[in-house]
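Dropping data_17.txt in here (compact mmCIF, C-alpha atoms):
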# COMPACT_ATOMS: atom_id res chain seq x y z
CA MET A 1 151.70 314.38 283.68
CA LYS A 2 151.97 310.62 283.65
CA ASN A 3 155.52 310.76 284.93
CA LEU A 4 154.62 312.94 287.90
CA LEU A 5 151.60 310.84 288.84
CA GLU A 6 153.85 307.82 288.85
CA HIS A 7 156.44 309.78 290.77
CA MET A 8 153.80 310.35 293.43
CA GLY A 9 153.06 306.68 293.53
CA MET A 10 150.28 306.02 291.11
CA GLU A 11 150.38 302.81 289.15
CA PRO A 12 151.56 303.39 285.57
CA ASP A 13 148.56 301.66 284.01
CA ARG A 14 145.94 304.03 285.40
CA LEU A 15 146.51 306.78 282.88
CA HIS A 16 146.50 306.10 279.18
CA PHE A 17 147.02 308.22 276.13
CA SER A 18 146.29 307.18 272.59
CA TRP A 19 145.85 308.58 269.15
CA ILE A 20 143.06 307.15 267.04
CA SER A 21 141.74 308.54 263.79
CA SER A 22 137.97 308.66 263.31
CA ALA A 23 138.29 305.93 260.69
CA GLU A 24 140.10 303.53 262.97
CA SER A 25 137.21 301.84 264.75
CA THR A 26 139.15 298.57 264.89
CA LYS A 27 142.02 300.27 266.66
CA PHE A 28 139.49 301.89 269.03
CA VAL A 29 138.09 298.51 270.00
CA ALA A 30 141.57 297.06 270.35
CA VAL A 31 142.69 299.89 272.63
CA VAL A 32 139.56 299.68 274.79
CA ASN A 33 140.16 295.96 275.24
CA GLN A 34 143.78 296.47 276.07
CA ILE A 35 143.14 299.24 278.63
CA THR A 36 140.27 297.38 280.27
CA ALA A 37 142.43 294.31 280.67
CA LYS A 38 145.25 296.33 282.21
CA VAL A 39 143.00 298.15 284.67
CA LYS A 40 141.23 294.92 285.65
CA ALA A 41 144.61 293.48 286.48
CA LEU A 42 145.33 296.46 288.72
CA GLY A 43 142.16 296.33 290.75
CA PRO A 44 140.23 299.30 292.17
CA ASN A 45 141.87 302.71 292.46
CA GLN A 46 142.65 303.60 296.09
CA ARG A 47 145.30 306.22 295.81
CA PHE A 48 143.95 309.48 294.49
CA VAL A 49 140.34 309.00 295.53
CA LYS A 50 138.73 311.44 297.88
CA LYS A 51 137.00 309.43 300.57
CA ALA A 52 133.37 310.30 301.00
CA ALA A 53 132.96 312.93 303.70
CA LYS A 54 132.47 311.42 307.11
CA VAL A 55 129.53 312.75 309.03
CA ALA A 56 130.73 313.85 312.43
CA MET B 57 179.61 340.48 301.03
CA SER B 58 179.57 344.06 302.29
CA THR B 59 181.19 345.10 299.01
CA TYR B 60 178.14 343.64 297.31
CA THR B 61 175.93 345.85 299.47
CA ASP B 62 177.99 348.95 298.65
CA LYS B 63 177.93 348.26 294.93
CA ILE B 64 174.18 347.60 294.97
CA ARG B 65 173.54 350.89 296.79
CA GLU B 66 175.84 352.73 294.45
CA THR B 67 174.21 351.28 291.33
CA ALA B 68 170.70 351.85 292.64
CA GLN B 69 171.53 355.43 293.51
CA ARG B 70 172.97 356.11 290.07
CA LEU B 71 170.00 354.55 288.27
CA LEU B 72 167.50 356.51 290.35
CA LYS B 73 169.41 359.79 290.00
CA GLU B 74 169.69 359.45 286.25
CA CYS B 75 165.97 358.59 286.18
CA LYS B 76 166.74 355.37 284.32
CA VAL B 77 164.29 353.60 286.62
CA GLU B 78 161.38 354.66 288.79
CA MET B 79 162.13 352.15 291.48
CA VAL B 80 164.64 349.56 292.52
CA ILE B 81 163.53 346.27 294.01
CA GLY B 82 166.04 344.77 296.41
CA PHE B 83 166.40 343.52 299.97
CA ARG B 84 166.54 345.28 303.29
CA LYS B 85 167.26 343.96 306.72
CA GLY B 86 164.33 342.14 308.24
CA SER B 87 163.09 342.55 311.78
CA GLN B 88 164.41 339.11 312.70
CA PRO B 89 167.77 337.48 311.98
CA MET B 90 167.94 335.58 308.67
CA MET B 91 164.70 337.13 307.47
CA ASN B 92 165.66 339.79 304.97
CA GLU B 93 162.63 341.30 303.34
CA PRO B 94 162.05 342.59 299.85
CA CYS B 95 161.91 346.35 299.59
CA VAL B 96 161.14 348.92 296.95
CA VAL B 97 163.33 352.01 296.81
CA ARG B 98 161.91 354.97 294.94
CA SER B 99 164.31 357.81 295.69
CA PRO B 100 168.11 358.10 295.78
CA GLU B 101 167.95 359.05 299.47
CA GLU B 102 166.48 355.71 300.42
CA VAL B 103 169.11 353.46 298.89
CA ASP B 104 170.92 352.95 302.19
CA GLN B 105 168.22 350.49 303.16
CA LEU B 106 169.42 348.07 300.54
CA ILE B 107 171.64 345.25 301.66
CA TRP B 108 172.97 341.95 300.42
CA ASP B 109 174.00 338.89 302.40
CA SER B 110 173.21 335.20 302.45
CA ASN B 111 169.62 335.61 303.62
CA CYS B 112 168.23 337.03 300.39
CA GLY B 113 166.54 333.81 299.33
CA ILE B 114 163.21 335.32 298.36
CA ASN B 115 162.73 335.40 294.60
CA LEU B 116 162.29 339.04 293.55
CA ALA B 117 160.96 338.17 290.10
CA ASN B 118 157.69 337.60 291.96
CA TYR B 119 157.24 341.37 292.28
CA LEU B 120 157.51 342.12 288.58
CA THR B 121 154.29 340.55 287.36
CA ASN B 122 152.30 343.00 285.23
CA ARG B 123 154.18 346.08 286.48
CA LYS B 124 154.03 349.12 284.22
CA GLU B 125 156.92 351.17 285.65
CA LYS B 126 160.56 351.10 284.71
CA ILE B 127 162.15 348.92 287.32
CA GLY B 128 165.66 348.22 288.50
CA ILE B 129 165.84 344.81 290.08
CA VAL B 130 168.53 343.07 292.06
CA ALA B 131 168.84 339.57 290.66
CA LYS B 132 170.86 336.54 291.63
CA GLY B 133 171.12 333.55 289.30
CA CYS B 134 167.70 332.05 289.94
CA ASP B 135 165.94 335.45 290.02
CA SER B 136 167.41 336.25 286.62
CA ARG B 137 166.10 332.99 285.20
CA ASN B 138 162.66 333.77 286.55
CA ILE B 139 162.88 337.24 285.02
CA VAL B 140 163.60 335.55 281.68
CA THR B 141 160.55 333.35 282.21
CA HIS B 142 158.47 336.47 282.96
CA ILE B 143 159.70 338.13 279.76
CA VAL B 144 158.99 335.01 277.69
CA GLU B 145 155.49 334.81 279.20
CA ASN B 146 154.84 338.52 278.52
CA LYS B 147 154.46 339.43 282.17
CA ILE B 148 157.01 342.23 281.88
CA ALA B 149 158.87 343.80 278.95
CA ARG B 150 162.64 343.59 278.72
CA GLU B 151 162.78 347.36 278.01
CA GLN B 152 161.19 348.09 281.37
CA LEU B 153 163.96 346.42 283.28
CA VAL B 154 167.42 347.30 284.42
CA ILE B 155 168.72 344.09 285.89
CA ILE B 156 171.39 344.45 288.54
CA GLY B 157 173.08 341.07 288.43
CA VAL B 158 174.50 339.57 291.60
CA PRO B 159 176.73 336.49 291.37
CA CYS B 160 175.44 334.29 294.16
CA LEU B 161 177.25 331.88 296.44
CA GLY B 162 174.13 330.35 297.87
CA MET B 163 171.64 331.27 300.56
CA ILE B 164 171.56 330.08 304.15
CA ASP B 165 168.81 327.71 305.19
CA LYS B 166 167.36 329.31 308.32
CA ARG B 167 165.86 326.01 309.41
CA LYS B 168 169.22 324.30 309.43
CA ILE B 169 170.64 327.09 311.60
CA ALA B 170 167.66 327.08 313.92
CA ALA B 171 167.97 323.33 314.35
CA ALA B 172 171.69 323.48 315.04
CA ALA B 173 171.73 326.49 317.36
CA ASP B 174 170.99 326.31 321.09
CA GLY B 175 168.31 328.69 322.18
CA GLU B 176 166.94 331.77 320.52
CA ILE B 177 169.04 333.23 317.74
CA LEU B 178 169.95 336.84 318.36
CA SER B 179 172.07 337.58 315.34
CA VAL B 180 173.67 335.87 312.38
CA THR B 181 176.75 337.22 310.68
CA GLU B 182 179.07 335.79 308.11
CA ALA B 183 182.63 336.14 306.90
CA ASP B 184 184.93 334.07 304.70
CA GLY B 185 182.58 331.16 304.21
CA GLN B 186 181.80 330.95 307.94
CA VAL B 187 178.48 331.73 309.56
CA MET B 188 178.53 333.00 313.12
CA VAL B 189 175.33 332.51 315.08
CA LYS B 190 174.91 334.37 318.33
CA THR B 191 172.39 333.06 320.81
CA ALA B 192 171.69 334.07 324.37
CA GLN B 193 173.98 331.29 325.59
CA ALA B 194 176.88 331.23 323.19
CA THR B 195 178.32 332.00 319.80
CA GLN B 196 178.49 329.12 317.36
CA THR B 197 180.29 328.96 314.05
CA PHE B 198 179.23 326.87 311.07
CA ALA B 199 180.76 326.38 307.65
CA LYS B 200 178.45 328.07 305.19
CA SER B 201 178.54 325.05 302.90
CA ASP B 202 176.89 322.99 305.67
CA VAL B 203 173.95 325.33 306.15
CA LEU B 204 173.10 326.16 302.54
CA GLN B 205 169.55 325.81 301.27
CA GLY B 206 169.04 322.46 299.56
CA ASN B 207 168.56 324.02 296.17
CA CYS B 208 171.61 326.28 296.55
CA SER B 209 173.95 323.42 297.37
CA VAL B 210 173.12 321.77 294.03
CA CYS B 211 172.72 325.00 292.04
CA THR B 212 174.41 325.11 288.63
CA HIS B 213 173.34 328.61 287.60
CA ARG B 214 174.75 330.91 290.23
CA ASN B 215 175.51 333.78 287.89
CA PRO B 216 172.69 335.82 286.38
CA VAL B 217 171.89 334.69 282.84
CA ILE B 218 170.63 338.15 281.94
CA HIS B 219 171.81 341.48 283.32
CA ASP B 220 172.48 345.11 282.50
CA GLU B 221 174.78 345.82 285.39
CA MET B 222 176.97 343.35 287.19
CA ILE B 223 178.06 344.18 290.69
CA ALA B 224 180.93 341.70 290.86
CA GLU B 225 182.90 339.26 288.77
CA PRO B 226 181.00 336.04 288.01
CA VAL B 227 181.59 333.27 290.51
CA PRO B 228 182.64 329.79 289.37
CA GLU B 229 179.67 327.53 288.67
CA GLN B 230 179.42 324.24 290.52
CA THR B 231 180.07 321.37 288.16
CA ASP B 232 180.51 318.41 290.46
CA VAL B 233 176.97 318.36 291.85
CA ASP B 234 174.08 316.15 290.83
CA PRO B 235 170.93 318.26 291.18
CA TYR B 236 168.66 315.30 290.72
CA ALA B 237 170.14 312.80 293.14
CA ASP B 238 167.13 312.94 295.47
CA VAL B 239 164.70 312.52 292.58
CA ALA B 240 166.63 309.51 291.33
CA GLU B 241 166.32 308.02 294.80
CA ILE B 242 162.54 308.23 294.62
CA ASP B 243 162.53 306.93 291.07
CA ALA B 244 164.18 303.77 292.35
CA MET B 245 161.24 303.05 294.70
CA THR B 246 158.23 300.89 293.91
CA PRO B 247 154.87 302.63 293.39
CA GLU B 248 153.81 301.56 296.91
CA GLN B 249 156.93 303.01 298.49
CA ARG B 250 156.56 306.24 296.54
CA HIS B 251 152.95 306.57 297.56
CA ALA B 252 153.87 306.09 301.19
CA PHE B 253 156.82 308.47 300.85
CA PHE B 254 154.68 311.32 299.54
CA GLU B 255 151.88 310.56 301.95
CA GLU B 256 154.36 311.20 304.72
CA LEU B 257 156.02 314.16 303.00
CA LEU B 258 152.74 316.01 302.50
CA ALA B 259 151.04 314.98 305.73
CA PRO B 260 151.96 318.16 307.67
CA CYS B 261 150.64 320.48 304.92
CA ILE B 262 148.16 323.00 306.32
CA ARG B 263 147.12 324.33 302.91
CA CYS B 264 148.24 327.89 303.64
CA TYR B 265 149.37 328.35 300.02
CA ALA B 266 152.56 330.11 301.11
CA CYS B 267 154.42 328.05 298.49
CA ARG B 268 152.08 329.34 295.82
CA ASN B 269 152.38 332.95 296.93
CA ALA B 270 156.15 332.88 297.18
CA CYS B 271 156.50 331.37 293.73
CA PRO B 272 157.23 333.80 290.89
CA LEU B 273 155.50 331.45 288.46
CA CYS B 274 152.15 331.49 290.24
CA TYR B 275 150.43 334.55 288.88
CA CYS B 276 147.12 333.21 287.53
CA PRO B 277 144.34 335.77 288.17
CA THR B 278 142.27 332.99 289.75
CA CYS B 279 144.20 330.05 291.08
CA PHE B 280 142.65 326.63 290.48
CA VAL B 281 142.37 326.14 294.24
CA ASP B 282 140.03 329.14 294.44
CA GLU B 283 137.80 328.06 291.59
CA SER B 284 134.46 326.77 292.81
CA LYS B 285 132.51 326.03 289.65
CA PRO B 286 133.62 323.35 289.29
CA GLN B 287 135.69 322.86 292.39
CA TRP B 288 138.79 320.98 291.33
CA VAL B 289 140.19 320.46 294.76
CA GLY B 290 138.67 320.47 298.24
CA LYS B 291 139.85 323.06 300.71
CA GLY B 292 140.48 320.85 303.70
CA GLN B 293 143.34 318.70 304.77
CA ASP B 294 142.02 315.49 303.30
CA PRO B 295 145.10 313.65 302.03
CA ALA B 296 143.58 313.37 298.55
CA ASP B 297 143.00 317.12 298.40
CA VAL B 298 146.49 317.92 299.65
CA ARG B 299 147.86 315.55 297.06
CA THR B 300 145.80 317.07 294.28
CA PHE B 301 146.87 320.57 295.27
CA HIS B 302 150.57 319.75 295.33
CA PHE B 303 150.33 317.77 292.15
CA LEU B 304 148.66 320.54 290.19
CA ARG B 305 150.83 323.25 291.71
CA ALA B 306 153.93 321.37 290.64
CA TYR B 307 152.48 320.61 287.26
CA HIS B 308 151.73 324.26 286.57
CA CYS B 309 155.44 324.87 287.06
CA ALA B 310 156.50 322.19 284.58
CA GLY B 311 159.17 323.51 282.26
CA ARG B 312 159.11 326.86 284.08
CA CYS B 313 160.53 326.15 287.50
CA THR B 314 164.09 327.32 288.10
CA ASP B 315 164.43 325.53 291.44
CA CYS B 316 164.91 328.83 293.29
CA GLY B 317 163.66 327.22 296.49
CA ALA B 318 161.20 330.00 297.34
CA CYS B 319 158.37 327.51 297.90
CA GLN B 320 160.29 325.41 300.36
CA ARG B 321 161.69 328.49 302.07
CA ALA B 322 158.20 329.93 302.52
CA CYS B 323 156.62 326.73 303.83
CA PRO B 324 155.82 327.14 307.54
CA VAL B 325 155.99 323.41 308.14
CA GLY B 326 159.08 322.78 306.04
CA ILE B 327 157.72 320.48 303.34
CA ASN B 328 160.23 319.82 300.60
CA MET B 329 157.80 320.24 297.70
CA ARG B 330 160.78 320.81 295.44
CA LEU B 331 160.89 317.03 295.07
CA LEU B 332 157.83 317.38 292.83
CA THR B 333 158.95 320.33 290.72
CA LYS B 334 162.42 318.87 290.41
CA LYS B 335 161.03 315.66 289.02
CA LEU B 336 159.41 317.70 286.26
CA ASN B 337 162.60 319.69 285.72
CA LYS B 338 164.47 316.44 285.37
CA ASP B 339 161.94 315.12 282.87
CA CYS B 340 162.07 318.34 280.86
CA LEU B 341 165.84 318.08 280.71
CA GLU B 342 165.87 314.43 279.78
CA LEU B 343 162.97 314.43 277.33
CA TYR B 344 163.29 317.84 275.73
CA GLY B 345 166.78 319.02 276.69
CA TRP B 346 165.12 322.02 278.32
CA GLU B 347 166.10 324.10 281.31
CA ALA B 348 163.85 327.01 282.22
CA GLY B 349 164.83 330.64 281.98
CA LEU B 350 168.11 330.47 280.11
CA SER B 351 167.17 332.40 276.98
CA THR B 352 164.51 334.87 275.89
CA GLU B 353 164.75 333.56 272.33
CA THR B 354 163.58 329.97 272.61
CA ARG B 355 160.05 328.86 273.44
CA PRO B 356 159.50 326.68 276.51
CA ALA B 357 159.43 322.93 276.05
CA LEU B 358 155.71 322.52 276.75
CA ASP B 359 154.90 325.47 274.50
CA ASP B 360 156.49 324.13 271.40
CA TYR B 361 156.16 321.11 269.16
CA GLN B 362 159.15 319.44 267.62
CA PRO B 363 158.78 316.46 265.27
CA ASN B 364 161.22 314.50 267.40
CA ASP B 365 159.35 315.09 270.68
CA PRO B 366 159.07 311.81 272.58
CA GLU B 367 155.71 310.11 272.13
CA ASN B 368 156.33 306.71 273.61
CA PHE B 369 153.57 307.27 276.19
CA ILE B 370 150.92 307.32 273.44
CA HIS B 371 149.44 304.00 272.38
CA MET C 372 127.95 292.79 293.22
CA SER C 373 129.29 289.60 291.76
CA GLU C 374 132.50 290.82 290.25
CA TRP C 375 134.29 294.14 290.33
CA GLU C 376 134.32 296.00 287.03
CA PRO C 377 136.64 298.97 286.56
CA LYS C 378 135.35 302.40 285.59
CA ILE C 379 137.55 304.03 283.00
CA VAL C 380 136.83 307.69 282.38
CA SER C 381 137.67 308.38 278.76
CA PHE C 382 138.26 311.83 277.35
CA LEU C 383 137.76 311.50 273.62
CA CYS C 384 138.40 314.15 271.00
CA ASN C 385 135.26 314.95 269.06
CA TRP C 386 137.03 314.61 265.72
CA CYS C 387 139.21 311.59 266.31
CA SER C 388 138.47 308.95 268.89
CA TYR C 389 134.87 309.99 269.42
CA GLY C 390 134.38 309.49 265.68
CA ALA C 391 136.12 306.14 265.96
CA ALA C 392 133.81 305.17 268.83
CA ASP C 393 130.83 306.21 266.72
CA LEU C 394 132.09 304.18 263.80
CA ALA C 395 132.68 301.21 266.06
CA GLY C 396 129.04 301.48 267.16
CA VAL C 397 127.72 301.84 263.63
CA SER C 398 129.80 298.86 262.61
CA ARG C 399 128.28 296.86 265.50
CA MET C 400 131.63 296.00 266.99
CA GLU C 401 131.74 294.79 270.55
CA TYR C 402 133.95 296.22 273.23
CA PRO C 403 133.98 296.19 277.03
CA PRO C 404 131.34 298.34 278.76
CA ASN C 405 133.84 299.73 281.29
CA ILE C 406 134.54 303.02 279.60
CA ARG C 407 132.62 306.20 280.45
CA VAL C 408 133.02 308.63 277.60
CA VAL C 409 133.43 312.38 278.02
CA ARG C 410 133.45 314.12 274.67
CA ILE C 411 135.84 317.04 274.46
CA PRO C 412 135.95 319.43 271.47
CA CYS C 413 139.62 318.70 270.87
CA THR C 414 142.37 317.00 272.83
CA GLY C 415 143.73 320.49 273.36
CA ARG C 416 140.80 321.04 275.73
CA MET C 417 142.22 318.39 278.02
CA SER C 418 143.65 319.59 281.30
CA PRO C 419 145.44 317.72 284.06
CA LYS C 420 142.64 318.95 286.33
CA PHE C 421 140.16 316.74 284.48
CA ALA C 422 142.21 313.62 284.99
CA LEU C 423 142.72 314.35 288.68
CA ALA C 424 139.04 315.22 289.16
CA ALA C 425 138.06 311.89 287.60
CA LEU C 426 140.43 309.97 289.85
CA ARG C 427 139.29 311.92 292.92
CA GLU C 428 135.70 311.05 292.26
CA GLY C 429 136.56 307.38 292.13
CA ALA C 430 137.48 306.50 288.57
CA ASP C 431 139.77 303.51 288.35
CA ALA C 432 141.63 304.81 285.35
CA VAL C 433 141.73 307.73 282.96
CA TRP C 434 142.13 307.45 279.23
CA VAL C 435 142.86 310.41 277.01
CA SER C 436 142.57 309.85 273.31
CA GLY C 437 143.05 312.22 270.39
Could you write out this file's structure as structure tokens?
Amino acid sequence: MKNLLEHMGMEPDRLHFSWISSAESTKFVAVVNQITAKVKALGPNQRFVKKAAKVA
Amino acid sequence: MSTYTDKIRETAQRLLKECKVEMVIGFRKGSQPMMNEPCVVRSPEEVDQLIWDSNCGINLANYLTNRKEKIGIVAKGCDSRNIVTHIVENKIAREQLVIIGVPCLGMIDKRKIAAAADGEILSVTEADGQVMVKTAQATQTFAKSDVLQGNCSVCTHRNPVIHDEMIAEPVPEQTDVDPYADVAEIDAMTPEQRHAFFEELLAPCIRCYACRNACPLCYCPTCFVDESKPQWVGKGQDPADVRTFHFLRAYHCAGRCTDCGACQRACPVGINMRLLTKKLNKDCLELYGWEAGLSTETRPALDDYQPNDPENFIH
Amino acid sequence: MSEWEPKIVSFLCNWCSYGAADLAGVSRMEYPPNIRVVRIPCTGRMSPKFALAALREGADAVWVSG
């Protein structure tokens, strides 16, 4: 999935997968921080968004 | 090629006479040049309709889904791989089928001919690797290797992988081709370039779903594009919707596509959507060592867990 | 709007990451408010459609966690 999205020109850091056990709250927080930082660096998503319908 | 036709007729006739099958699915001449159509023959008297030449690009495995009869089917390399996929996915039972294998030397791309020929094409014939195109003005001759379908020119499975009858000796497989050269080209682009590339590639799409209908893999009772609660993808030609459609269509074929080229062949505006499915084929080959439709024994790559499956995309 | 904040749609497995998120809350840990959690019964419920739907509707990123 990730590979094809990137193939079609999406930035790699917009889709994340992770594996966190229910006991790993520290890892959860770490991953949230990491992902948020990466997405902030990318800026808003423009590529796969459906533009709001224009009223004719 | 005409010997192929004779052998197919002969085999079909024998199978029908001996009541080994209730029908034979093959090709007959279409009403226009280069447009052979699939046909179903149910009695020995009708077998003379059947033909074989280089315009039989439609994938006949498409007509097997959920059939209950005993069926004889004419299958070239890619058809046979799709038949294997159908068997693995329980869409047809192996016992129901008599597969008439046809070693294939590639199919002609009718768009390439139409682009190269002057004026309306009246007839297309072939002999000894040459294709003769007759138009109102003149007769032109092309080398068949120049007018092959894109997928045929890089095909590495020309002989049927599964068959009960074989109508000719297997042809040599191509070994010096790189099927994924065009995918590698896109892989070398930056995300911006790729985005622009696909924007342009998909721009002419009119959302007719011909690619979906021609594809032997697309047999869901309700396609995701027709679902309305929730609606996954809009029905218009908004670039985001077109993108979503092509993305999901390709993704549904991941690890199943045999690159038979039916989608591209069916597309009325000539979009090469194989670039998407081929990317997934390439990934399946590189990550899981998997090529679709080669054996009825092994489970598909995305259907099976192996401890050594790559997991470097997971944090 | 002073500064742009990303919206990250997160699909969390009920038994794994959702539990971890719960534990993080109970433990009063702090983490960025950018994630929007969708609880799914199992990561096996995830479908590529979900990710695309999220992106279509304007999410800046998608996070799937088992």
Which residues of chain C come within 10 Å of chain B, and for each one, what is the closest pair of atoms and their distance in Å to one decimal, counting only C-alpha atoms, sorted by chain and residue number, as JSON lines?
{"residue": "C:Pro419", "atom": "CA", "partner": "B:Leu304", "partner_atom": "CA", "distance": 7.5}
{"residue": "C:Lys420", "atom": "CA", "partner": "B:Trp288", "partner_atom": "CA", "distance": 6.6}
{"residue": "C:Phe421", "atom": "CA", "partner": "B:Trp288", "partner_atom": "CA", "distance": 8.2}
{"residue": "C:Leu423", "atom": "CA", "partner": "B:Thr300", "partner_atom": "CA", "distance": 6.9}
{"residue": "C:Ala424", "atom": "CA", "partner": "B:Trp288", "partner_atom": "CA", "distance": 6.2}
{"residue": "C:Ala425", "atom": "CA", "partner": "B:Trp288", "partner_atom": "CA", "distance": 9.9}
{"residue": "C:Leu426", "atom": "CA", "partner": "B:Ala296", "partner_atom": "CA", "distance": 9.9}
{"residue": "C:Arg427", "atom": "CA", "partner": "B:Ala296", "partner_atom": "CA", "distance": 7.2}
{"residue": "C:Val435", "atom": "CA", "partner": "B:Ile370", "partner_atom": "CA", "distance": 9.3}
{"residue": "C:Ser436", "atom": "CA", "partner": "B:Ile370", "partner_atom": "CA", "distance": 8.7}
{"residue": "C:Gly437", "atom": "CA", "partner": "B:Ile370", "partner_atom": "CA", "distance": 9.8}
Residues at most 10 Å from Arg416 of chain C, counting only C-alpha atoms, excluding those fewer than 3 positions away in the same chain, as a tab-separated table (two decimals) with C-alpha atoms, in the coordinates of the input?
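As a result, part.tsv now contains:
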chain	number	residue	atom	x	y	z
C	382	PHE	CA	138.26	311.83	277.35
C	384	CYS	CA	138.40	314.15	271.00
C	411	ILE	CA	135.84	317.04	274.46
C	412	PRO	CA	135.95	319.43	271.47
C	413	CYS	CA	139.62	318.70	270.87
C	421	PHE	CA	140.16	316.74	284.48
Have a look at atom CA of Gly345 of chain B and atom CA of Glu229 of chain B and let me know their distance in Å, one decimal.
19.5 Å
Find the residues in chain B near chain A: any atom within 7 Å counts, using all atoms listed in the file. Write them as a PDB file with C-alpha atoms, keeping the file's coordinate frame.
ATOM      1  CA  ASP B 243     162.530 306.930 291.070  1.00  0.00           C
ATOM      2  CA  PRO B 247     154.870 302.630 293.390  1.00  0.00           C
ATOM      3  CA  GLU B 248     153.810 301.560 296.910  1.00  0.00           C
ATOM      4  CA  ARG B 250     156.560 306.240 296.540  1.00  0.00           C
ATOM      5  CA  HIS B 251     152.950 306.570 297.560  1.00  0.00           C
ATOM      6  CA  PHE B 254     154.680 311.320 299.540  1.00  0.00           C
ATOM      7  CA  ALA B 296     143.580 313.370 298.550  1.00  0.00           C
ATOM      8  CA  LEU B 336     159.410 317.700 286.260  1.00  0.00           C
ATOM      9  CA  PHE B 369     153.570 307.270 276.190  1.00  0.00           C
ATOM     10  CA  ILE B 370     150.920 307.320 273.440  1.00  0.00           C
ATOM     11  CA  HIS B 371     149.440 304.000 272.380  1.00  0.00           C
TER      12      HIS B 371
END
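The smallest atom-to-atom distance between chain A and any of C:Val397, C:Ser418, C:Glu428, C:Pro404, using all atoms listed in the file, is found for C:Glu428.
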Proximity of chain C to chain A: per-residue shortest pair, 6 Å limit, all atoms listed in the file, as a tab-separated table:
residue	atom	partner	partner_atom	distance
C:Cys387	CA	A:Ser22	CA	4.4
C:Ser388	CA	A:Ile20	CA	5.3
C:Gly390	CA	A:Ser22	CA	4.4
C:Ala391	CA	A:Ser22	CA	4.1
C:Leu394	CA	A:Ser25	CA	5.7
C:Ala395	CA	A:Ser25	CA	4.8
C:Tyr402	CA	A:Val29	CA	5.7
C:Leu426	CA	A:Val49	CA	5.8
C:Arg427	CA	A:Val49	CA	4.1
C:Gly429	CA	A:Val49	CA	5.3
C:Asp431	CA	A:Asn45	CA	4.7
C:Ala432	CA	A:Arg14	CA	4.4
C:Val433	CA	A:Leu15	CA	4.9
C:Trp434	CA	A:His16	CA	4.6
C:Val435	CA	A:Phe17	CA	4.8
C:Ser436	CA	A:Ser18	CA	4.6
C:Gly437	CA	A:Trp19	CA	4.8
Between atom CA of Glu93 of chain B and atom CA of Tyr60 of chain B, distance in Å (one decimal):
16.8 Å
Please return the centre and edge lengths, in Å to one decimal, of a box with edges along x, y and z that contains all listed atoms of segment 420-429 of chain C, widened by 4 Å on every side, as lines of an AutoDock Vina configuration file.
center_x = 139.2
center_y = 313.2
center_z = 288.7
size_x = 15.0
size_y = 19.6
size_z = 16.4
